[in-house]
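The file input_11.cif comes next; it holds mmCIF, C-alpha atoms.
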data_query
loop_
_atom_site.label_atom_id
_atom_site.label_comp_id
_atom_site.auth_asym_id
_atom_site.auth_seq_id
_atom_site.Cartn_x
_atom_site.Cartn_y
_atom_site.Cartn_z
CA MET Q 1 0.00 0.00 0.00
CA SER Q 2 1.66 3.26 -1.09
CA ALA Q 3 1.97 6.25 1.20
CA ILE Q 4 -0.11 8.31 -1.25
CA ILE Q 5 -3.05 5.89 -1.16
CA LEU Q 6 -2.87 5.56 2.62
CA ALA Q 7 -2.76 9.33 3.06
CA ALA Q 8 -5.85 9.71 0.90
CA LEU Q 9 -7.69 7.12 2.93
CA VAL Q 10 -6.98 8.69 6.28
CA THR Q 11 -7.76 12.28 5.27
CA ALA Q 12 -10.97 13.12 7.12
CA VAL Q 13 -12.46 15.42 9.73
CA CYS Q 14 -12.18 13.89 13.19
CA VAL Q 15 -15.47 12.85 14.78
CA PRO Q 16 -16.31 11.56 18.27
CA LEU Q 17 -15.94 7.83 18.73
CA ALA Q 18 -18.91 7.50 21.06
CA ALA Q 19 -22.13 6.65 19.24
CA PRO Q 20 -25.37 8.40 20.22
CA ALA Q 21 -28.71 6.63 20.29
CA ALA Q 22 -29.58 4.73 17.13
CA GLN Q 23 -31.19 6.68 14.32
CA ALA Q 24 -34.77 5.73 13.53
CA TRP Q 25 -35.48 4.38 10.05
CA PRO Q 26 -35.90 7.44 7.77
CA SER Q 27 -39.11 8.20 5.94
CA ALA Q 28 -39.37 7.65 2.20
CA GLU Q 29 -38.89 11.41 1.67
CA ALA Q 30 -35.83 11.45 3.93
CA ARG Q 31 -34.35 8.47 2.12
CA ALA Q 32 -34.87 10.19 -1.24
CA GLN Q 33 -33.12 13.28 0.08
CA ARG Q 34 -30.29 11.16 1.46
CA ASP Q 35 -29.80 9.33 -1.84
CA ALA Q 36 -29.84 12.61 -3.74
CA ALA Q 37 -27.20 14.01 -1.39
CA ALA Q 38 -25.07 10.87 -1.94
CA ALA Q 39 -25.20 11.18 -5.73
CA PRO Q 40 -22.07 12.47 -7.47
CA ALA Q 41 -22.23 16.17 -8.29
CA GLY Q 42 -20.66 15.97 -11.75
CA ARG Q 43 -22.26 14.37 -14.78
CA ASP Q 44 -19.02 12.57 -15.58
CA ARG Q 45 -19.02 10.68 -12.26
CA HIS Q 46 -21.16 7.84 -10.95
CA PHE Q 47 -21.11 5.09 -8.37
CA ALA Q 48 -19.99 1.58 -9.34
CA VAL Q 49 -20.07 -1.56 -7.24
CA THR Q 50 -16.56 -2.68 -6.25
CA TRP Q 51 -17.51 -5.69 -4.08
CA ALA Q 52 -20.67 -7.64 -3.33
CA ALA Q 53 -21.84 -10.95 -1.88
CA SER Q 54 -25.28 -12.49 -2.21
CA ALA Q 55 -27.47 -12.15 0.84
CA ASP Q 56 -29.18 -15.22 2.30
CA ARG Q 57 -30.89 -16.31 5.50
CA GLN Q 58 -28.38 -17.22 8.23
CA GLY Q 59 -28.72 -18.42 11.81
CA ALA Q 60 -29.61 -16.27 14.79
CA GLY Q 61 -27.04 -13.66 15.78
CA PRO Q 62 -26.12 -12.45 19.28
CA ALA Q 63 -27.66 -9.11 20.27
CA ASP Q 64 -24.46 -7.33 21.35
CA ARG Q 65 -21.59 -8.21 19.06
CA SER Q 66 -19.02 -6.66 16.73
CA TYR Q 67 -18.13 -8.02 13.30
CA ARG Q 68 -14.90 -7.25 11.42
CA LEU Q 69 -15.58 -8.19 7.80
CA VAL Q 70 -12.71 -8.50 5.31
CA VAL Q 71 -13.53 -7.98 1.62
CA ARG Q 72 -11.51 -7.42 -1.55
CA THR Q 73 -12.21 -4.39 -3.73
CA SER Q 74 -12.12 -4.52 -7.52
CA VAL Q 75 -12.50 -1.05 -9.05
CA GLY Q 76 -10.91 1.85 -7.18
CA GLY Q 77 -12.54 5.20 -6.56
CA SER Q 78 -13.64 7.72 -3.98
CA ALA Q 79 -16.65 8.32 -1.71
CA LEU Q 80 -16.89 4.74 -0.46
CA ARG Q 81 -20.40 3.58 0.44
CA ILE Q 82 -21.44 0.30 2.04
CA ARG Q 83 -24.82 -1.43 1.84
CA LEU Q 84 -26.18 -3.20 4.90
CA SER Q 85 -28.96 -5.71 4.42
CA ASN Q 86 -31.64 -7.03 6.74
CA ALA Q 87 -33.42 -8.66 3.81
CA PHE Q 88 -33.88 -12.01 5.57
CA GLY Q 89 -34.33 -10.77 9.13
CA ASP Q 90 -37.59 -11.08 11.05
CA HIS Q 91 -36.81 -8.16 13.40
CA PRO Q 92 -35.17 -4.73 13.15
CA VAL Q 93 -31.42 -4.67 13.68
CA THR Q 94 -29.40 -1.71 14.93
CA PHE Q 95 -25.93 -0.90 13.64
CA ALA Q 96 -24.70 1.25 16.51
CA ASN Q 97 -21.24 1.81 15.05
CA ALA Q 98 -19.74 1.22 11.62
CA TYR Q 99 -16.18 1.79 10.44
CA ALA Q 100 -14.17 1.15 7.28
CA GLY Q 101 -10.42 0.59 7.25
CA LEU Q 102 -7.63 -1.34 5.56
CA GLN Q 103 -6.31 -4.73 6.65
CA ARG Q 104 -2.72 -5.00 7.82
CA GLN Q 105 -2.91 -8.68 8.77
CA GLY Q 106 -5.64 -10.83 10.26
CA ALA Q 107 -7.96 -8.62 12.31
CA GLU Q 108 -5.34 -5.88 12.61
CA LEU Q 109 -5.82 -2.71 10.56
CA ILE Q 110 -3.31 -0.31 9.06
CA ARG Q 111 -2.84 2.40 11.65
CA GLY Q 112 -4.92 5.48 10.95
CA SER Q 113 -7.06 3.87 8.25
CA ASN Q 114 -10.17 3.02 10.31
CA ARG Q 115 -12.81 5.69 9.66
CA ARG Q 116 -16.34 6.12 10.92
CA LEU Q 117 -19.24 5.57 8.52
CA THR Q 118 -22.49 7.49 8.90
CA PHE Q 119 -26.09 7.04 7.78
CA GLY Q 120 -28.02 10.19 7.01
CA GLY Q 121 -25.38 12.07 8.95
CA GLN Q 122 -25.74 9.85 12.03
CA PRO Q 123 -23.26 7.21 13.27
CA SER Q 124 -25.94 4.59 13.89
CA VAL Q 125 -29.04 3.31 12.14
CA THR Q 126 -31.84 0.81 12.77
CA VAL Q 127 -32.86 -1.21 9.71
CA PRO Q 128 -36.29 -2.89 9.69
CA ALA Q 129 -36.81 -6.50 8.64
CA GLY Q 130 -36.66 -6.88 4.88
CA GLU Q 131 -34.90 -3.55 4.26
CA THR Q 132 -31.42 -2.37 3.26
CA ILE Q 133 -29.53 0.85 3.95
CA LEU Q 134 -26.72 2.71 2.19
CA SER Q 135 -24.11 4.58 4.18
CA ASP Q 136 -23.19 8.15 3.41
CA PRO Q 137 -20.21 8.53 1.05
CA LEU Q 138 -16.91 8.47 2.95
CA PRO Q 139 -14.47 11.19 1.81
CA GLY Q 140 -11.17 10.03 0.39
CA LYS Q 141 -9.98 7.47 -2.14
CA LEU Q 142 -10.00 3.68 -2.04
CA ALA Q 143 -7.53 1.78 -4.20
CA ALA Q 144 -8.41 -1.12 -6.46
CA GLN Q 145 -7.48 -4.58 -5.17
CA SER Q 146 -7.49 -3.45 -1.53
CA ASN Q 147 -8.34 -5.57 1.50
CA LEU Q 148 -11.12 -3.40 2.87
CA VAL Q 149 -12.30 -4.08 6.42
CA VAL Q 150 -15.79 -3.08 7.51
CA SER Q 151 -16.33 -3.22 11.29
CA LEU Q 152 -19.90 -3.24 12.62
CA TYR Q 153 -21.19 -3.08 16.16
CA VAL Q 154 -24.62 -4.74 16.08
CA THR Q 155 -27.26 -4.44 18.79
CA GLY Q 156 -30.84 -5.65 19.03
CA ALA Q 157 -30.33 -8.59 16.69
CA GLN Q 158 -33.03 -11.25 17.09
CA GLY Q 159 -33.91 -14.30 15.04
CA PRO Q 160 -32.31 -15.06 11.67
CA THR Q 161 -29.58 -12.80 10.35
CA THR Q 162 -28.82 -11.78 6.79
CA GLY Q 163 -25.43 -12.72 5.40
CA HIS Q 164 -23.32 -14.78 3.03
CA GLY Q 165 -22.47 -18.19 4.41
CA MET Q 166 -19.48 -19.34 2.37
CA ALA Q 167 -17.12 -16.38 2.23
CA MET Q 168 -13.87 -18.27 1.52
CA GLN Q 169 -12.39 -15.45 3.59
CA THR Q 170 -11.64 -15.23 7.30
CA SER Q 171 -13.38 -12.39 9.10
CA TYR Q 172 -13.63 -11.81 12.84
CA ALA Q 173 -16.16 -11.24 15.63
CA THR Q 174 -16.13 -10.33 19.30
CA ALA Q 175 -18.50 -9.48 22.12
CA GLY Q 176 -19.23 -5.81 22.77
CA ASP Q 177 -18.29 -2.71 20.82
CA HIS Q 178 -14.77 -2.80 19.33
CA ALA Q 179 -15.56 -1.44 15.86
CA ALA Q 180 -13.34 1.64 16.23
CA GLU Q 181 -10.25 -0.30 17.30
CA GLU Q 182 -7.42 -0.89 14.86
CA THR Q 183 -5.59 -3.55 16.85
CA ALA Q 184 -6.51 -7.24 16.73
CA THR Q 185 -6.37 -7.75 20.50
CA ASN Q 186 -10.10 -8.11 21.13
CA TRP Q 187 -11.00 -9.81 17.85
CA THR Q 188 -10.64 -13.38 19.06
CA ASP Q 189 -13.36 -15.19 17.11
CA PRO Q 190 -12.52 -16.00 13.46
CA ILE Q 191 -15.59 -16.55 11.27
CA GLY Q 192 -16.04 -17.84 7.72
CA SER Q 193 -19.13 -15.83 6.75
CA TRP Q 194 -20.02 -12.21 6.02
CA TYR Q 195 -22.93 -10.79 8.00
CA TRP Q 196 -25.22 -7.90 6.97
CA LEU Q 197 -22.68 -6.32 4.63
CA ASP Q 198 -23.70 -7.22 1.07
CA ALA Q 199 -22.16 -4.53 -1.17
CA VAL Q 200 -19.55 -1.78 -1.39
CA SER Q 201 -19.53 0.90 -4.07
CA VAL Q 202 -17.23 3.79 -5.00
CA GLU Q 203 -17.53 6.92 -7.09
CA THR Q 204 -15.64 6.77 -10.38
CA SER Q 205 -15.79 8.02 -13.96
CA THR Q 206 -18.96 7.28 -15.92
CA ALA Q 207 -16.66 5.66 -18.48
CA ILE Q 208 -15.95 2.91 -15.92
CA SER Q 209 -18.42 0.12 -15.18
CA SER Q 210 -18.75 -3.18 -13.32
CA VAL Q 211 -19.64 -6.74 -14.20
CA VAL Q 212 -21.71 -9.05 -11.99
CA ALA Q 213 -21.04 -12.80 -11.88
CA LEU Q 214 -24.36 -14.53 -11.11
CA GLY Q 215 -23.80 -18.12 -10.12
CA ASP Q 216 -23.64 -21.00 -7.66
CA SER Q 217 -20.83 -22.60 -5.62
CA ILE Q 218 -18.44 -22.57 -8.58
CA THR Q 219 -18.70 -18.78 -8.73
CA ASP Q 220 -18.77 -18.60 -4.92
CA GLY Q 221 -15.31 -20.19 -4.97
CA TRP Q 222 -15.77 -23.59 -3.34
CA ALA Q 223 -12.53 -25.63 -3.69
CA SER Q 224 -10.45 -22.50 -4.27
CA THR Q 225 -7.90 -21.52 -1.62
CA SER Q 226 -9.37 -19.43 1.20
CA ASP Q 227 -8.07 -15.97 2.13
CA VAL Q 228 -6.15 -15.37 -1.11
CA ASN Q 229 -8.98 -14.43 -3.51
CA ARG Q 230 -8.72 -17.20 -6.07
CA ARG Q 231 -12.36 -17.49 -7.07
CA TRP Q 232 -12.78 -17.13 -10.82
CA PRO Q 233 -14.32 -13.62 -10.47
CA ASP Q 234 -11.19 -12.61 -8.50
CA TYR Q 235 -8.95 -13.72 -11.35
CA LEU Q 236 -11.23 -11.88 -13.76
CA SER Q 237 -10.93 -8.74 -11.62
CA ARG Q 238 -7.15 -8.85 -11.80
CA ARG Q 239 -7.29 -9.30 -15.57
CA LEU Q 240 -9.57 -6.29 -15.92
CA GLN Q 241 -7.33 -4.12 -13.74
CA ALA Q 242 -4.35 -5.03 -15.90
CA ALA Q 243 -6.18 -4.33 -19.17
CA PRO Q 244 -5.59 -0.64 -20.02
CA ASP Q 245 -8.23 -0.56 -22.76
CA SER Q 246 -11.06 -2.13 -20.75
CA PRO Q 247 -13.70 0.25 -19.36
CA VAL Q 248 -14.99 -2.58 -17.15
CA LYS Q 249 -13.06 -2.52 -13.87
CA GLY Q 250 -15.50 -3.56 -11.15
CA VAL Q 251 -16.46 -7.17 -10.39
CA ALA Q 252 -19.27 -8.25 -8.05
CA ASN Q 253 -19.43 -11.94 -7.09
CA GLU Q 254 -23.07 -12.95 -6.66
CA GLY Q 255 -22.58 -16.69 -6.33
CA ILE Q 256 -24.41 -18.78 -3.72
CA SER Q 257 -23.35 -22.36 -3.04
CA GLY Q 258 -26.11 -24.74 -4.17
CA ASN Q 259 -28.06 -22.04 -5.98
CA LYS Q 260 -30.49 -22.87 -8.79
CA VAL Q 261 -32.02 -20.94 -11.65
CA LEU Q 262 -35.59 -22.13 -11.11
CA ALA Q 263 -36.11 -23.22 -7.51
CA ASP Q 264 -35.36 -21.84 -4.07
CA GLY Q 265 -33.13 -23.87 -1.79
CA ALA Q 266 -29.60 -22.69 -1.18
CA GLY Q 267 -30.60 -19.07 -1.42
CA GLN Q 268 -33.48 -17.78 -3.46
CA ALA Q 269 -33.57 -18.94 -7.08
CA ALA Q 270 -31.58 -16.79 -9.49
CA LEU Q 271 -34.86 -15.64 -11.02
CA ARG Q 272 -36.05 -14.38 -7.63
CA ARG Q 273 -32.84 -12.74 -6.45
CA LEU Q 274 -31.87 -11.06 -9.73
CA ASP Q 275 -33.24 -7.63 -8.81
CA ARG Q 276 -31.64 -7.50 -5.35
CA ASP Q 277 -28.34 -9.23 -6.08
CA VAL Q 278 -27.66 -7.87 -9.57
CA LEU Q 279 -29.85 -5.09 -10.94
CA SER Q 280 -29.84 -2.99 -7.76
CA HIS Q 281 -26.07 -2.43 -7.86
CA PRO Q 282 -24.82 0.87 -9.32
CA GLY Q 283 -22.60 1.13 -12.37
CA VAL Q 284 -23.25 -2.40 -13.68
CA SER Q 285 -23.00 -2.77 -17.45
CA THR Q 286 -22.78 -6.54 -17.89
CA VAL Q 287 -23.87 -9.75 -16.16
CA VAL Q 288 -22.22 -13.17 -16.58
CA VAL Q 289 -24.66 -16.00 -15.88
CA LEU Q 290 -23.14 -19.34 -14.80
CA GLU Q 291 -26.08 -21.24 -13.32
CA GLY Q 292 -27.93 -24.49 -13.98
CA ILE Q 293 -25.76 -27.34 -12.70
CA ASN Q 294 -27.76 -27.58 -9.46
CA ASP Q 295 -31.08 -27.61 -11.33
CA LEU Q 296 -30.13 -30.44 -13.66
CA LYS Q 297 -28.31 -32.68 -11.17
CA ALA Q 298 -31.04 -32.53 -8.52
CA HIS Q 299 -33.12 -35.37 -10.06
CA SER Q 300 -36.18 -33.13 -9.92
CA GLY Q 301 -37.23 -33.69 -13.52
CA VAL Q 302 -35.99 -30.34 -14.82
CA THR Q 303 -35.85 -30.40 -18.62
CA VAL Q 304 -33.89 -28.48 -21.22
CA ASP Q 305 -37.01 -26.46 -21.99
CA ASP Q 306 -37.43 -25.59 -18.30
CA LEU Q 307 -33.92 -24.24 -18.00
CA VAL Q 308 -34.09 -22.47 -21.36
CA ALA Q 309 -37.21 -20.65 -20.19
CA GLY Q 310 -35.36 -19.60 -17.05
CA TYR Q 311 -32.34 -18.36 -19.00
CA ARG Q 312 -34.58 -16.40 -21.37
CA ASP Q 313 -36.32 -14.76 -18.44
CA LEU Q 314 -32.98 -13.76 -16.90
CA ALA Q 315 -31.66 -12.41 -20.20
CA ASP Q 316 -34.86 -10.48 -20.96
CA ARG Q 317 -34.90 -8.80 -17.55
CA ILE Q 318 -31.20 -7.94 -17.71
CA HIS Q 319 -31.66 -6.47 -21.18
CA ALA Q 320 -34.74 -4.54 -20.03
CA ALA Q 321 -32.53 -2.94 -17.37
CA GLY Q 322 -30.20 -1.72 -20.11
CA LYS Q 323 -27.39 -4.18 -19.40
CA CYS Q 324 -25.65 -6.85 -21.47
CA VAL Q 325 -25.62 -10.52 -20.50
CA VAL Q 326 -22.97 -13.15 -21.17
CA GLY Q 327 -24.09 -16.78 -20.96
CA ALA Q 328 -21.64 -19.39 -19.67
CA THR Q 329 -22.02 -23.04 -20.61
CA VAL Q 330 -22.62 -25.53 -17.79
CA MET Q 331 -19.43 -27.33 -16.82
CA PRO Q 332 -18.95 -31.13 -16.67
CA TYR Q 333 -19.57 -33.07 -13.46
CA LYS Q 334 -19.08 -36.77 -14.16
CA GLY Q 335 -17.82 -38.44 -10.98
CA TRP Q 336 -19.95 -36.25 -8.71
CA SER Q 337 -22.36 -38.34 -6.61
CA GLU Q 338 -25.49 -37.01 -8.36
CA TYR Q 339 -24.21 -37.54 -11.87
CA ASP Q 340 -26.38 -39.66 -14.18
CA ALA Q 341 -27.17 -40.00 -17.86
CA ASP Q 342 -30.42 -38.04 -17.65
CA GLY Q 343 -28.75 -35.03 -16.07
CA GLU Q 344 -25.93 -35.20 -18.57
CA ALA Q 345 -28.44 -35.18 -21.45
CA VAL Q 346 -30.01 -32.01 -20.05
CA ARG Q 347 -26.58 -30.42 -19.67
CA GLN Q 348 -25.70 -31.16 -23.27
CA GLY Q 349 -29.03 -29.80 -24.51
CA VAL Q 350 -28.74 -26.65 -22.41
CA ASN Q 351 -25.20 -26.01 -23.58
CA ASP Q 352 -26.20 -26.44 -27.21
CA TRP Q 353 -28.90 -23.80 -26.69
CA ILE Q 354 -26.54 -21.40 -24.88
CA ARG Q 355 -24.00 -21.65 -27.69
CA ASN Q 356 -26.41 -21.32 -30.60
CA ALA Q 357 -29.71 -19.66 -29.65
CA GLY Q 358 -28.43 -16.10 -29.67
CA ALA Q 359 -30.29 -15.15 -26.49
CA PHE Q 360 -27.11 -13.79 -24.89
CA ASP Q 361 -24.95 -10.93 -26.10
CA ALA Q 362 -21.91 -13.21 -25.87
CA VAL Q 363 -21.03 -16.73 -24.72
CA VAL Q 364 -18.08 -18.00 -22.70
CA ASP Q 365 -17.74 -21.74 -23.30
CA LEU Q 366 -16.55 -22.90 -19.88
CA ASP Q 367 -17.57 -26.48 -20.68
CA ARG Q 368 -15.08 -26.58 -23.54
CA ILE Q 369 -12.35 -24.93 -21.45
CA THR Q 370 -12.63 -27.17 -18.39
CA ARG Q 371 -13.58 -30.61 -19.75
CA SER Q 372 -11.17 -33.49 -20.19
CA PRO Q 373 -10.25 -34.27 -23.81
CA TYR Q 374 -10.29 -37.96 -22.87
CA ASP Q 375 -13.71 -37.88 -21.19
CA PRO Q 376 -15.68 -34.75 -22.18
CA GLN Q 377 -18.31 -35.45 -19.53
CA ALA Q 378 -15.70 -34.96 -16.78
CA LEU Q 379 -13.55 -32.09 -15.57
CA LEU Q 380 -9.95 -32.05 -16.71
CA PRO Q 381 -8.10 -33.66 -13.76
CA PHE Q 382 -5.61 -30.76 -13.67
CA PHE Q 383 -8.58 -28.43 -12.92
CA ASP Q 384 -10.49 -30.77 -10.59
CA GLY Q 385 -10.76 -29.54 -7.00
CA GLY Q 386 -11.20 -33.16 -5.89
CA ASP Q 387 -14.96 -33.71 -6.03
CA HIS Q 388 -15.29 -33.74 -9.85
CA LEU Q 389 -17.60 -30.70 -9.81
CA HIS Q 390 -15.70 -27.73 -8.39
CA PRO Q 391 -12.54 -26.41 -10.05
CA ASN Q 392 -9.36 -25.82 -8.06
CA ASP Q 393 -7.31 -22.62 -8.24
CA LYS Q 394 -5.91 -23.53 -11.66
CA GLY Q 395 -9.38 -24.27 -12.94
CA MET Q 396 -10.67 -20.98 -11.56
CA GLN Q 397 -7.91 -19.10 -13.33
CA ALA Q 398 -8.59 -20.93 -16.60
CA MET Q 399 -12.27 -19.95 -16.34
CA ALA Q 400 -11.39 -16.28 -15.91
CA ASP Q 401 -8.85 -16.45 -18.72
CA ALA Q 402 -11.54 -17.84 -21.02
CA VAL Q 403 -13.62 -14.67 -20.77
CA ASP Q 404 -13.18 -12.40 -23.78
CA LEU Q 405 -12.78 -9.01 -22.08
CA SER Q 406 -14.20 -7.24 -25.10
CA ALA Q 407 -17.41 -9.23 -24.62
CA LEU Q 408 -17.92 -7.48 -21.28
CA ARG Q 409 -18.23 -4.07 -22.93
CA CYS Q 410 -21.83 -3.04 -23.26
CA ASP Q 411 -23.31 -0.14 -25.23
CA ARG Q 412 -26.99 -0.73 -24.47
#
Whole structure given in structure tokens:
Amino acid sequence: MSAIILAALVTAVCVPLAAPAAQAWPSAEARAQRDAAAAPAGRDRHFAVTWAASADRQGAGPADRSYRLVVRTSVGGSALRIRLSNAFGDHPVTFANAYAGLQRQGAELIRGSNRRLTFGGQPSVTVPAGETILSDPLPGKLAAQSNLVVSLYVTGAQGPTTGHGMAMQTSYATAGDHAAEETATNWTDPIGSWYWLDAVSVETSTAISSVVALGDSITDGWASTSDVNRRWPDYLSRRLQAAPDSPVKGVANEGISGNKVLADGAGQAALRRLDRDVLSHPGVSTVVVLEGINDLKAHSGVTVDDLVAGYRDLADRIHAAGKCVVGATVMPYKGWSEYDADGEAVRQGVNDWIRNAGAFDAVVDLDRITRSPYDPQALLPFFDGGDHLHPNDKGMQAMADAVDLSALRCDR
């Protein structure tokens, strides 16, 4: 981390560390005023999502606890905003303190980087069940490919929480309020999930946009190495940062392990969560859809026509929102416990449609890239994470390398 970037991050007006009573949920008029105030002033600037993780229903959370959540940015920019979600909660939840800083190592932050976030000018906010809230923009710049740390002190939590179960990233928790601290001393409870935080955005040029990867456990990163950002969207993010001619710089990973296109189960079906997990994010130009393996291997009788109808619905809604959509072929899974000839026939039929129907603006043929030349129904052993379904780090990198970066440009 350069001294220039660090100096930009820590430039701010000092504010008291003690939080007053929680802010009540603002009225619709107040929220509209808040969002207008958060909008960039210039016409050549906009917000773009730099990190995201799909929200889902998690177990009950303690009522007086701090969470230190480690995430990896993609596109850099200024005026950092976070989005907190209580989409799956049954009760209001109060965020009594919220801070954003930079990771030094583990739960320890770079000294001077931890800065208070506010909501409508207040340091705390109560979010009703089913709602989300955006923070106010935080002055200063945030670099691309940074390990951003969001620390939340949560009170009043009851019943199920909202979060992302399989983070493939170690975060931290502790009892009481330690959100403002930069040391790791009190952060004694490592956790493997993200809670309440479901998106981070930054202000950048309107010429810059983001891509969303909508998927299941393969996109979520299962079988990749934890804590080093080797999911295929991470590799794609690094490619985009290194590509001087690409206007697409942001990457949001909206994978949920076990997710399906058509049916709820591990998370809401892709068709149900599309608006919240994809279309609601700012600055998105393109969506990559890699879904379907869990539908066809579930022995539920899903046909090619069923999945094609689901893909068409996704593509039509993404196009209606003014965004481009890239379809990814469904990858091989022979050797996985649910593999059978019927599921394989559906996979082949679906992939033929994805390649040839013209419903997508572009296609990335991940089946061709990852399959074994000796047994095309199986993953190439070099890419196999060990269960014959999920790619390892090398497979994840090959998937990202297969994406034609020019196909992510969208002029809709």
If you count only C-alpha atoms, which residues fall within 8 Å of range 224-231 of chain Q, apart from same-chain ones fewer than 3 positions away, as an mmCIF file with C-alpha atoms, in the coordinates of the input?
data_model
loop_
_atom_site.group_PDB
_atom_site.id
_atom_site.type_symbol
_atom_site.label_atom_id
_atom_site.label_comp_id
_atom_site.auth_asym_id
_atom_site.auth_seq_id
_atom_site.Cartn_x
_atom_site.Cartn_y
_atom_site.Cartn_z
ATOM 1 C CA ARG Q 72 -11.510 -7.420 -1.550
ATOM 2 C CA MET Q 168 -13.870 -18.270 1.520
ATOM 3 C CA GLN Q 169 -12.390 -15.450 3.590
ATOM 4 C CA THR Q 170 -11.640 -15.230 7.300
ATOM 5 C CA THR Q 219 -18.700 -18.780 -8.730
ATOM 6 C CA ASP Q 220 -18.770 -18.600 -4.920
ATOM 7 C CA GLY Q 221 -15.310 -20.190 -4.970
ATOM 8 C CA ASP Q 234 -11.190 -12.610 -8.500
ATOM 9 C CA TYR Q 235 -8.950 -13.720 -11.350
ATOM 10 C CA GLY Q 385 -10.760 -29.540 -7.000
ATOM 11 C CA PRO Q 391 -12.540 -26.410 -10.050
ATOM 12 C CA ASN Q 392 -9.360 -25.820 -8.060
ATOM 13 C CA ASP Q 393 -7.310 -22.620 -8.240
ATOM 14 C CA MET Q 396 -10.670 -20.980 -11.560
ATOM 15 C CA GLN Q 397 -7.910 -19.100 -13.330
#
Inset, instruction - Carefully work through the PyMOL selection byres ((chain Q and resi 337) around 10) for this structure and note down the residues it includes, as an MDAnalysis selection string. - result: chainID Q and resid 297 333:336 338:340 387:389
Legend entry - Residue neighbourhood Leu138 in chain Q, 9 Å, all atoms listed in the file, exclusion window fewer than 5 positions, as a ChimeraX atom specification: /Q:12,78-81,100,115-118
Answer key for the PyMOL selection byres ((chain Q and resi 399) around 10), residues as a CSV table (one decimal) with C-alpha atoms, in the coordinates of the input:
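Writing the result to part-v2.csv gives the following:
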chain,number,residue,atom,x,y,z
Q,231,ARG,CA,-12.4,-17.5,-7.1
Q,232,TRP,CA,-12.8,-17.1,-10.8
Q,233,PRO,CA,-14.3,-13.6,-10.5
Q,235,TYR,CA,-9.0,-13.7,-11.4
Q,236,LEU,CA,-11.2,-11.9,-13.8
Q,328,ALA,CA,-21.6,-19.4,-19.7
Q,364,VAL,CA,-18.1,-18.0,-22.7
Q,365,ASP,CA,-17.7,-21.7,-23.3
Q,366,LEU,CA,-16.6,-22.9,-19.9
Q,367,ASP,CA,-17.6,-26.5,-20.7
Q,369,ILE,CA,-12.4,-24.9,-21.4
Q,370,THR,CA,-12.6,-27.2,-18.4
Q,383,PHE,CA,-8.6,-28.4,-12.9
Q,391,PRO,CA,-12.5,-26.4,-10.0
Q,393,ASP,CA,-7.3,-22.6,-8.2
Q,394,LYS,CA,-5.9,-23.5,-11.7
Q,395,GLY,CA,-9.4,-24.3,-12.9
Q,396,MET,CA,-10.7,-21.0,-11.6
Q,397,GLN,CA,-7.9,-19.1,-13.3
Q,398,ALA,CA,-8.6,-20.9,-16.6
Q,400,ALA,CA,-11.4,-16.3,-15.9
Q,401,ASP,CA,-8.8,-16.4,-18.7
Q,402,ALA,CA,-11.5,-17.8,-21.0
Q,403,VAL,CA,-13.6,-14.7,-20.8
Inset, instruction - Carefully work through the PyMOL selection byres ((chain Q and resi 206) around 12) for this structure and note down the residues it includes, as a VMD selection string. - result: chain Q and resid 40 42 to 48 77 202 to 205 207 to 210 247 to 249 282 to 285
Inset, instruction - Could you tell me how far CA of Lys323 in chain Q lies from CA of Ala129 in chain Q, in Å and to one decimal? - result: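 Computed distance, CA of Lys323 in chain Q to CA of Ala129 in chain Q, equals 29.7 Å.
Our summary of the geometry notes that CA of Val261 in chain Q is positioned 16.0 Å from CA of Leu279 in chain Q.
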Inset, instruction - With a distance cut-off of 12 Å and all atoms listed in the file, select the neighbouring residues of Asp361 in chain Q, excluding the residue or stretch itself and same-chain residues fewer than 3 positions from it, and output the selection as a PyMOL selection string. - result: chain Q and resi 286-289+315-316+318-319+323-328+354-358+364+406-412
Inset, instruction - Kindly give the distance, in Å, that separates CA of Asp275 in chain Q and CA of Asp352 in chain Q, rounded to a single decimal. - result: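 Pair CA of Asp275 in chain Q / CA of Asp352 in chain Q returns 27.2 Å.
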Inset, instruction - Identify which of the residues Q:Ala184, Q:Val200, Q:Ile218, Q:Ala96 lies closest to Ala252 in chain Q, counting all atoms listed in the file when measuring atom-to-atom distances. - result: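 Ranked by minimum distance to Ala252 in chain Q, first place goes to Q:Val200.
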Six-sided padding of 4 Å per side, axis-aligned box over range 241-252 of chain Q, centre and edges in Å, one decimal, as JSON:
{"center_x": -11.8, "center_y": -4.0, "center_z": -15.4, "size_x": 22.9, "size_y": 16.5, "size_z": 22.7}
Legend entry - Which of Q:Val330, Q:Val150, Q:Ala359, Q:Ala266 sits closest to Trp194 in chain Q [using only C-alpha atoms]: Q:Val150
Inset, instruction - Please identify all polymer residues within 9 Å of Leu271 in chain Q, counting all atoms listed in the file, omitting same-chain residues fewer than 6 positions from it, and present them as a list of chain:residue names. - result: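 After dropping sequence-adjacent residues, the list is Q:Lys260, Q:Val261, Q:Leu262, Q:Ala263, Q:Gly310, Q:Tyr311, Q:Asp313, Q:Leu314.
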Legend entry - From Q:Pro376, Q:Gly112, Q:Pro244, Q:Gly89, residue lying nearest Thr162 in chain Q [only C-alpha atoms]: Q:Gly89
Inset, instruction - Using all atoms listed in the file, pick whichever of Q:Ala55, Q:Leu152, Q:Asn86, Q:Ser171 has the shortest atom-to-atom distance to Leu274 in chain Q. - result: Q:Ala55
Legend entry - Using all atoms listed in the file: which of Q:Asn186, Q:Asn294, Q:Gln122, Q:Asn97 has the shortest distance to Gly265 in chain Q: Q:Asn294
